[in-house]
Amino acid sequence: MQIESLIKTSLQSALREIYNVEEQVIALQPTKKDFEGFYTFVTFPYTKSLRKPPVEIGNALGQYLVEHSGVVSNFNVVQGFLNLSIAESAWIEALNALALNPDFGFAPANGQSVMVEFSSPNTNKPLHLGHLRNNFLGDSVSRILKANGFNVSKTCLVNDRGIHICKSMLAYAKLGNGETPESSGLKGDHLIGKYYVLFDKEYKQQIETLVAEGMSKEEAEKKAPWILEAQQLLLKWEQGDAETLALWKQMNEWVYAGFNDTYQKIGVSFDKTYYESKTYLLGKDAVDEGLAKGIFYKKPDNSVWIDLTAEGLDEKLVLRGDGTSVYMTQDLGTTDLKFSDFHSNKSIWVVGNEQDYHFQVLFAILKRLGRTYADGCYHLSYGMVDLPSGKMKSREGTVVDADELVAEVTAAAAEEGNSKGKIEDFSEAEKQRLFSMLGLGALKYYLLKVDPQKRMMFNPAESVELHGHTGPFIQYTHARTRSVLRKAVQMGVDWAKPATAVPLANSEREVIFTLTQFPERIADAGRNYSPALISQYAYELAKAYNTFYAEVSILQEPDAEAQHARLLLSQAVADGIQKAMGLLGIEVPERM
RNA sequence: GGCCCCAUAGCUCAGUUGGAUAGAGCAACAGAUUUCUAAUCUGUCGGUCUUUGGUUCGAGUCCAAAUGGGGUCACCA
């Protein structure tokens, strides 16, 4: 970090003194592997205004940097590319600065606060693979924003009411026979999910029967006995019918117990949970306000609309003719509520990209209503998770269940871990803890390494993979660094102090260079709300260290000062990996 | 059909905001362990960056169009 900023400042002076050019922002890029050097400055942009060949400019600037920057030891110019080599003393100084700073990479508090809403489960079925991508993204983005100095609040909006819940309730009332999680041995959310599936089965059956009797499919879908009964149940729920509410409450309790179990297992938590059953009536004030301000208008049937054609959107309904809410009404109300609860500067919704349009409209309305927070609203839109067999569809049973998946990856980690024979002294509990750490590490990393915006392919075999570009590879590298450091302690070496300048192997410089990038990468990930950038970084760091590890010896190094520097480097890598993986919500083991 | 997103190696993905000969992992093949954790490392193989045009010193990256894939256009959430 400081190397880079020193070069940039020095380049600014050089441009000023040699060419009388004032440059506000200097762009440096890492030098390509095939060339000598670590930082590259491109001189092409100056050839026109200075009327000088790029090589001449490069030579002049390079010469200046060697003489004045204090960190550039050498340079070469290829075409218009000025490649800079860095002095050993500068590398060591950079290493000392970052390795001995426990907060390295993290920004101090910036006085701003942000809410991150994610997970948003339905209470009629267990969490699945799609939820996992959502949860991991939301959790990781929260951690990344915190590392960028924000005060972060994690919220969850539970969809606990509506026709879909009534479907599970109806099937349970008809077929349940008083079954409970205890009596069935099923997790609460799975038990409820079972009845949701049973409802759908019976419903389809009824539609078929009606169609066979000559009814059209559309009509049959509306007139099938069970859908009518489910609608009745929803009506009763809204009227506050005691029996219905009791059943609803009972079933929700089971579901929440199941969810909590899953959340705990995957290491995700929330500061505040909102329930739609409590917020679904909100937003009518905002509608009145919009009408009073002339932003909304009424149609003859009393329904309320907003015309967003000026923003390139359409007309949108915000309240039904009978005065009841739609999705948008609720979201307006809930957003007001959240901002008044937290007084945040920003709010982020982690929601799938099928709702891109909804959020465009929501934000446009908030702006029209003059909400001061409207500019701080952001939809973190992510792509669907596909299976090799195609799309996941819950009704067709082609979903990958979250709990089962976690169990599978843990089992895969256990099989590999037990076969290595490195942890035979671990207790059963310690082993279990490690395998779950590794399994989850594999899964989280697999889902987070892909750019959130993109649709991704979930390949079950690859998700439990423990080698290559995976979470366990990085976890392994951490365990490796810790092992070296433990042995150094046993040898009585004290490395927790500044190292002195020693000759470095290129792989060593490469590791320090990667380490210095950390703060910038965290800032980048924060700006882009992208855990993928952090996962990429963690991988690069681990890879650089492993290359270094294979090339030079640490504990066998006879030169005490060289050994000191390498231990400090190992320490910095261990910390860096732990922090980077921590931003992904992935723990790293001491041994594996 | 309107609008939005995506298209890079056989497969899964990167590509640092427009820079050099486009990179990883997996798969395939060849090596490295009397040595600090081989869940590792080194190498080989693998590319018309979907197509066409434009912008400029320079385009995988920016603009336009076409093609293909997905989403969305509900008084569902």
# chains A, B, ... in the order shown; residues from 1 in each chain; ligands from 1

$ select_by_dssp --residues "segment 120-350 of chain A" --states "alpha helix (DSSP H)" --output "MDAnalysis selection string"
chainID A and resid 129:147 163:175 181:184 188:212 217:223 225:239 242:266 276:279 284:292 327:342

$ interface_residues --of "chain A" --to "chain B" --cutoff "7 Å" --atoms "only C-alpha atoms (C1' of nucleotides)" --output "list of chain:residue names"
A:Arg320, A:Tyr327, A:Glu354, A:Tyr357, A:Val450, A:Lys454, A:Leu466, A:His467, A:Gly468, A:His469, A:Pro472, A:Phe473, A:Tyr476, A:Arg480, A:Val484, A:Asn546, A:Thr547, A:Ala550, A:Ser553, A:Ile554, A:Leu555

$ write_last_selection --atoms "N, CA, C and O atoms" --output "compact mmCIF listing (two decimals), in the first residue's frame"
# COMPACT_ATOMS: atom_id res chain seq x y z
N ARG A 320 -55.02 -1.74 -4.01
CA ARG A 320 -56.16 -2.30 -4.73
C ARG A 320 -57.41 -1.44 -4.57
O ARG A 320 -57.51 -0.65 -3.63
N TYR A 327 -48.00 -6.14 -2.91
CA TYR A 327 -46.61 -6.31 -2.52
C TYR A 327 -45.92 -4.94 -2.37
O TYR A 327 -45.21 -4.68 -1.39
N GLU A 354 -34.87 -11.87 -10.28
CA GLU A 354 -36.21 -11.87 -10.88
C GLU A 354 -37.02 -10.70 -10.34
O GLU A 354 -38.08 -10.39 -10.83
N TYR A 357 -37.10 -5.55 -11.54
CA TYR A 357 -38.07 -4.53 -11.91
C TYR A 357 -38.80 -3.98 -10.68
O TYR A 357 -38.98 -2.76 -10.55
N VAL A 450 -18.30 -16.96 -7.32
CA VAL A 450 -18.88 -16.49 -8.58
C VAL A 450 -19.48 -15.10 -8.40
O VAL A 450 -20.13 -14.82 -7.40
N LYS A 454 -24.19 -12.97 -11.67
CA LYS A 454 -24.31 -13.99 -12.69
C LYS A 454 -25.06 -15.23 -12.23
O LYS A 454 -24.94 -15.66 -11.10
N LEU A 466 -12.31 -30.63 -2.68
CA LEU A 466 -11.46 -30.06 -1.64
C LEU A 466 -10.09 -29.64 -2.16
O LEU A 466 -9.24 -29.19 -1.41
N HIS A 467 -9.89 -29.82 -3.47
CA HIS A 467 -8.60 -29.47 -4.05
C HIS A 467 -8.79 -28.40 -5.12
O HIS A 467 -9.85 -28.28 -5.69
N GLY A 468 -7.70 -27.70 -5.40
CA GLY A 468 -7.78 -26.69 -6.45
C GLY A 468 -8.36 -25.38 -5.94
O GLY A 468 -8.10 -24.99 -4.81
N HIS A 469 -9.12 -24.73 -6.78
CA HIS A 469 -9.67 -23.42 -6.41
C HIS A 469 -10.89 -23.59 -5.50
O HIS A 469 -12.03 -23.42 -5.92
N PRO A 472 -11.36 -25.29 1.04
CA PRO A 472 -10.40 -26.12 1.80
C PRO A 472 -8.95 -25.93 1.37
O PRO A 472 -8.05 -26.05 2.19
N PHE A 473 -8.72 -25.63 0.11
CA PHE A 473 -7.35 -25.35 -0.33
C PHE A 473 -6.79 -24.16 0.45
O PHE A 473 -5.65 -24.17 0.91
N TYR A 476 -6.39 -25.06 4.06
CA TYR A 476 -5.19 -25.88 4.19
C TYR A 476 -3.94 -25.00 4.28
O TYR A 476 -3.04 -25.24 5.09
N ARG A 480 -1.20 -24.76 7.21
CA ARG A 480 0.21 -24.91 6.90
C ARG A 480 1.04 -23.80 7.56
O ARG A 480 2.08 -24.06 8.17
N VAL A 484 3.92 -24.14 10.69
CA VAL A 484 5.28 -23.59 10.66
C VAL A 484 5.52 -22.70 11.88
O VAL A 484 6.54 -22.80 12.56
N ASN A 546 1.95 -20.75 -1.14
CA ASN A 546 2.33 -22.13 -1.42
C ASN A 546 3.50 -22.21 -2.39
O ASN A 546 4.36 -23.08 -2.27
N THR A 547 3.52 -21.30 -3.35
CA THR A 547 4.64 -21.26 -4.28
C THR A 547 5.93 -20.91 -3.52
O THR A 547 6.97 -21.54 -3.70
N ALA A 550 7.10 -23.81 -1.35
CA ALA A 550 7.77 -24.90 -2.08
C ALA A 550 9.17 -24.49 -2.51
O ALA A 550 10.02 -25.34 -2.73
N SER A 553 13.09 -22.57 2.04
CA SER A 553 12.91 -23.20 3.34
C SER A 553 12.79 -22.11 4.41
O SER A 553 13.43 -21.07 4.33
N ILE A 554 11.96 -22.36 5.39
CA ILE A 554 11.78 -21.36 6.44
C ILE A 554 12.54 -21.77 7.70
O ILE A 554 13.47 -21.11 8.14
N LEU A 555 12.16 -22.90 8.26
CA LEU A 555 12.75 -23.32 9.55
C LEU A 555 14.19 -23.80 9.38
O LEU A 555 14.97 -23.77 10.32

$ closest_residue --among "A:Gln453, A:Thr334, A:Ser303, A:Ser168" --to "Leu247 of chain A" --atoms "only C-alpha atoms"
A:Ser168

$ residues_around --residues "U50 of chain B" --least-positions-apart "3" --cutoff "10 Å" --atoms "only C-alpha atoms (C1' of nucleotides)" --output "JSON, numbers by chain"
{"B": [7, 67, 68]}

$ select_by_dssp --residues "segment 252-365 of chain A" --states "strand (DSSP E or B)" --output "PyMOL selection string"
chain A and resi 272-275+296-298+304-307+315-319+325+346-352

$ residues_around --residues "Gln571 of chain A" --least-positions-apart "3" --cutoff "10 Å" --atoms "only C-alpha atoms (C1' of nucleotides)" --output "list in words"
Ala99, Leu100, His478, Thr481, Arg482, Val484, Leu485, Trp495, Ala496, Ala565, Arg566, Leu567, Leu568, Ala574, Asp575, Gly576 and Ile577 of chain A

$ write_last_selection --atoms "N, CA and C atoms" --output "PDB file, in the first residue's frame"
ATOM      1  N   ALA A  99       2.435  -6.622   8.805  1.00  0.00           N
ATOM      2  CA  ALA A  99       2.416  -7.816   9.650  1.00  0.00           C
ATOM      3  C   ALA A  99       2.244  -7.461  11.122  1.00  0.00           C
ATOM      4  N   LEU A 100       2.716  -6.295  11.511  1.00  0.00           N
ATOM      5  CA  LEU A 100       2.663  -5.933  12.922  1.00  0.00           C
ATOM      6  C   LEU A 100       1.442  -5.072  13.253  1.00  0.00           C
ATOM      7  N   HIS A 478      -3.757 -22.053   5.361  1.00  0.00           N
ATOM      8  CA  HIS A 478      -3.721 -21.441   6.684  1.00  0.00           C
ATOM      9  C   HIS A 478      -3.146 -22.417   7.712  1.00  0.00           C
ATOM     10  N   THR A 481       0.565 -22.567   7.419  1.00  0.00           N
ATOM     11  CA  THR A 481       1.303 -21.449   8.018  1.00  0.00           C
ATOM     12  C   THR A 481       1.351 -21.610   9.533  1.00  0.00           C
ATOM     13  N   ARG A 482       0.218 -22.021  10.104  1.00  0.00           N
ATOM     14  CA  ARG A 482       0.160 -22.173  11.566  1.00  0.00           C
ATOM     15  C   ARG A 482       1.107 -23.256  12.049  1.00  0.00           C
ATOM     16  N   VAL A 484       3.923 -24.137  10.686  1.00  0.00           N
ATOM     17  CA  VAL A 484       5.281 -23.593  10.655  1.00  0.00           C
ATOM     18  C   VAL A 484       5.518 -22.701  11.876  1.00  0.00           C
ATOM     19  N   LEU A 485       4.535 -21.860  12.161  1.00  0.00           N
ATOM     20  CA  LEU A 485       4.690 -20.920  13.269  1.00  0.00           C
ATOM     21  C   LEU A 485       4.748 -21.642  14.617  1.00  0.00           C
ATOM     22  N   TRP A 495       9.674 -13.893  16.265  1.00  0.00           N
ATOM     23  CA  TRP A 495       9.626 -13.166  14.994  1.00  0.00           C
ATOM     24  C   TRP A 495       8.688 -11.956  15.046  1.00  0.00           C
ATOM     25  N   ALA A 496       8.000 -11.788  16.187  1.00  0.00           N
ATOM     26  CA  ALA A 496       6.985 -10.729  16.255  1.00  0.00           C
ATOM     27  C   ALA A 496       7.625  -9.360  16.487  1.00  0.00           C
ATOM     28  N   ALA A 565      12.377 -12.829   8.613  1.00  0.00           N
ATOM     29  CA  ALA A 565      11.502 -12.223   7.610  1.00  0.00           C
ATOM     30  C   ALA A 565      10.478 -13.227   7.094  1.00  0.00           C
ATOM     31  N   ARG A 566      10.914 -14.458   6.892  1.00  0.00           N
ATOM     32  CA  ARG A 566       9.998 -15.477   6.358  1.00  0.00           C
ATOM     33  C   ARG A 566       8.927 -15.860   7.371  1.00  0.00           C
ATOM     34  N   LEU A 567       9.291 -15.864   8.645  1.00  0.00           N
ATOM     35  CA  LEU A 567       8.298 -16.161   9.673  1.00  0.00           C
ATOM     36  C   LEU A 567       7.285 -15.026   9.785  1.00  0.00           C
ATOM     37  N   LEU A 568       7.800 -13.824   9.713  1.00  0.00           N
ATOM     38  CA  LEU A 568       6.903 -12.672   9.761  1.00  0.00           C
ATOM     39  C   LEU A 568       5.947 -12.716   8.568  1.00  0.00           C
ATOM     40  N   ALA A 574      -0.970 -15.909   7.359  1.00  0.00           N
ATOM     41  CA  ALA A 574      -1.952 -16.574   8.221  1.00  0.00           C
ATOM     42  C   ALA A 574      -3.055 -15.598   8.605  1.00  0.00           C
ATOM     43  N   ASP A 575      -2.656 -14.415   9.049  1.00  0.00           N
ATOM     44  CA  ASP A 575      -3.638 -13.402   9.443  1.00  0.00           C
ATOM     45  C   ASP A 575      -4.480 -12.960   8.250  1.00  0.00           C
ATOM     46  N   GLY A 576      -3.805 -12.759   7.123  1.00  0.00           N
ATOM     47  CA  GLY A 576      -4.512 -12.309   5.922  1.00  0.00           C
ATOM     48  C   GLY A 576      -5.556 -13.316   5.479  1.00  0.00           C
ATOM     49  N   ILE A 577      -5.177 -14.593   5.470  1.00  0.00           N
ATOM     50  CA  ILE A 577      -6.132 -15.625   5.062  1.00  0.00           C
ATOM     51  C   ILE A 577      -7.288 -15.681   6.053  1.00  0.00           C
TER      52      ILE A 577
END

$ closest_residue --among "A:Arg133, A:Lys201, A:Lys346, A:Lys146" --to "His379 of chain A" --atoms "only C-alpha atoms"
A:Lys346

$ closest_residue --among "B:A65, B:A38, B:A22, B:C29" --to "U51 of chain B" --atoms "only C-alpha atoms (C1' of nucleotides)"
B:A65

$ residues_around --residues "A59 of chain B" --least-positions-apart "4" --cutoff "12 Å" --atoms "only C-alpha atoms (C1' of nucleotides)" --output "PyMOL selection string"
chain B and resi 18-19+49+54-55+63

$ closest_residue --among "A:Gly185, A:Gly383, A:Gly471, A:Gly421" --to "His131 of chain A" --atoms "only C-alpha atoms"
A:Gly383
